[in-house]
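Peer 1: Dropping the structure in here first, questions after.
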Amino acid sequence: MGSPSVTAPVFGLRKSWVDPGPGIAMVQVHYTCSPTGTAPDWTDAEQIVLAPQGGLRRSAVLEVPRATDLCLHHFFFVVGANDRTASAVFTEDIVAQEVTYEDPAGAYTSVGLVWSAVNEDVPNYTSTVMDGLPFETTGTAPEDGTIYEFVRAQPLPHIFRGRVWGVRGTPIRYGYHLIRHGQPDPDDNTERWDDNAGAGWTVQL
Amino acid sequence: MSWYYPKGWTDQEDGIDQVLIHYACTPPGQWPDWSWGHDARVLQDFGGYPRQRLKVLRMPRAVWDMENGWPTPEYRFHYYFEVYQHGNRWTTDLFTEDIVYRDLDYADNNGWVTNICIYWSVGDWIAPVYSPMEEPRIPADSEFAATSYYSYQDKDRFHHEKYHMLYGLDLPHRFHSRMWGPRGANLVQQYHIGRMYPPEEKSETWLGPDGPSAPGGDNCWVHHL
């Protein structure tokens with residue numbers, strides 16, 4: 001570590017492995033990212049041990065930058081009873097997709113997205129930006145949302161925009177975090193999590 | 001490479017929709033500026049009663065000390081939970097832990113070992129970490145450094161060359177690596193040792209205080225930090 005590192009926002013991405021049979025002692029996943037079209041540099045690659053998930057399945061959550069024009073490279077290192085092997089290197093495009101929330105009545109002052117690759121259950125968060133509020137930036141944690149006067153000054157409907165990330169071609173399941181803060185009467189402040197009655201919504205990357 | 005630190009949460013009341021952990025690392029003796037930026041993660045909901053939530057955090061092996069202009073392997077970890085419950089949110093107190101390291105040396109008196117790692121975890125085996133050990137007399141920039149092993153395409157060549165590099169060193173071979181954790185916590189630890197050359201002698205095992213075993217479990221050393 002020769003210089004200060006800048007921590008870029010990341011998202012969690014689960015990678016799974018199914019043992020081909022009994023006798024596998026341990027499985028690691030090694031991973032690194034590179035700009036699209038460039039070869040991986042494994043010098044500073046990350047590694048994580050996959051945790052047994054029951055049966056022959058193991059998994060681990062990788063942390064991948066919230067960026068585009070990026071490739072994720074990973075391979076599995078498998079230690080068996082009598083041998084050790086490395087899988088082929090898998091290379092996947094990391095892409096983003098915009099998700100919007102339309103608030104026709106101006107009920108909310110801030111909206112977040114909670115999202116994960118379908119069936120992978122790795123919750124990630126994106127705080128959205130409302131059209132007409134140029135001072136807002138997206139983030140990885142909920143906003144306070146006490147900007148009632150600014151929000152109210154914007155014409156209806158209010159459109160909130162955020163992004164979700166993942167591997168190209170995969171579906172992402174998301175829900176909304178709906179925040180109403182900074183009301184003249186504090187008793188009107190509230191927030192709720194709308195996951196479409198448990199089904200969520202899905203977008204294809 | 002990083003190490004991994006599980007942080008859990010148990011719902012003490014009903015009506016909790018989400019729990020986030022907010023965290024930052026600073027050099028020793030310093031406090032984070034939360035307005036400047038920090039990390040936040042949503043805890044995974046594992047269900048149950050009471051409901052259990054968990055996030056395994058990826059932790060740095062050093063943080064940059066801007067005051068002194070160098071990286072420091074021991075640092076402070078500051079965190080708090082943000083709880084979303086009954087249409088409101090509240091935060092816990094701020095917790096601060098001193099992250100410290102423990103160096104391990106493995107003395108190989110007869111030169112049997114060609115590859116060795118520490119297999120360790122904070123607290124229990126929820127989030128094990130695998131740290132390659134190296135003989136300090138092997139040049140850090142060697143093509144056959146332990147950390148280069150996994151991505152080295154020709155493993156047979158690596159095994160052959162590393163064996164001969166070690167063979168040329170006087171015994172004992174002392175392999176070295178490092179573990180981290182919060183001060184006051186326990187680390188569980190095993191070695192994963194292997195002799196990968198010559199091919200007819202190829203053998204490897206996890207090793208605890210009671211001898212060879214499977215990875216994890218009770219056959220492990222416990223280090224109190």
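Chain lettering (A, B, ...) mirrors the order of the structure tokens, residue numbering begins at 1 for each chain separately, and ligand numbering begins at 1 in order of display.
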Pull out every residue of chain A that has at least one atom within 6 Å of chain B, counting only C-alpha atoms, and report them as a ChimeraX atom specification.
Peer 2: /A:4,46,123,190-192
Peer 1: What's the 8 Å shell around region 90-106 of chain A, counting only C-alpha atoms, without same-chain residues fewer than 5 positions away, as JSON, numbers by chain?
Peer 2: {"A": [36, 67, 68, 69, 70, 71, 72, 73, 74, 75, 111, 151, 152, 156, 157, 158, 159, 160, 161, 162, 163, 164, 165, 166, 167, 168, 203, 205]}
Peer 1: Write out as a list in words the residues lying within 7 Å of region 172-174 of chain B, counting only C-alpha atoms and excluding same-chain residues fewer than 4 positions away.
Peer 2: Asp105, Tyr106, Ala107, Asp108, Asn109, Asn110, Gly111 and Glu135 of chain B
Peer 1: Which residue is closest to Val64 (chain A)? Choose from A:Phe11, A:Phe76, A:Trp42, A:Tyr125 and count only C-alpha atoms.
Peer 2: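 Of the candidates, the smallest distance to Val64 (chain A) is held by A:Phe11.
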Peer 1: Considering only C-alpha atoms, can you say which of B:Pro6, B:Thr96, B:Tyr167, B:Gln52 comes closest to Ala24 (chain B)?
Peer 2: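 The shortest atom-to-atom distance to Ala24 (chain B) comes from B:Thr96.
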Peer 1: From a DSSP calculation on the backbone, collect every residue of region 19-176 of chain A in helix (DSSP H, G or I) and output the set as a list in words.
Peer 2: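 After running DSSP on the backbone, region 19-176 of chain A has helix (DSSP H, G or I) at Tyr148, Glu149, Phe150, Val151 and Arg152 of chain A.
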Peer 1: As an exercise, work out the distance from CA of Asp185 (chain A) to CA of Gly15 (chain B) in Å and give it to one decimal place.
Peer 2: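 Taking CA of Asp185 (chain A) as the start and CA of Gly15 (chain B) as the end point, the length is 23.4 Å.
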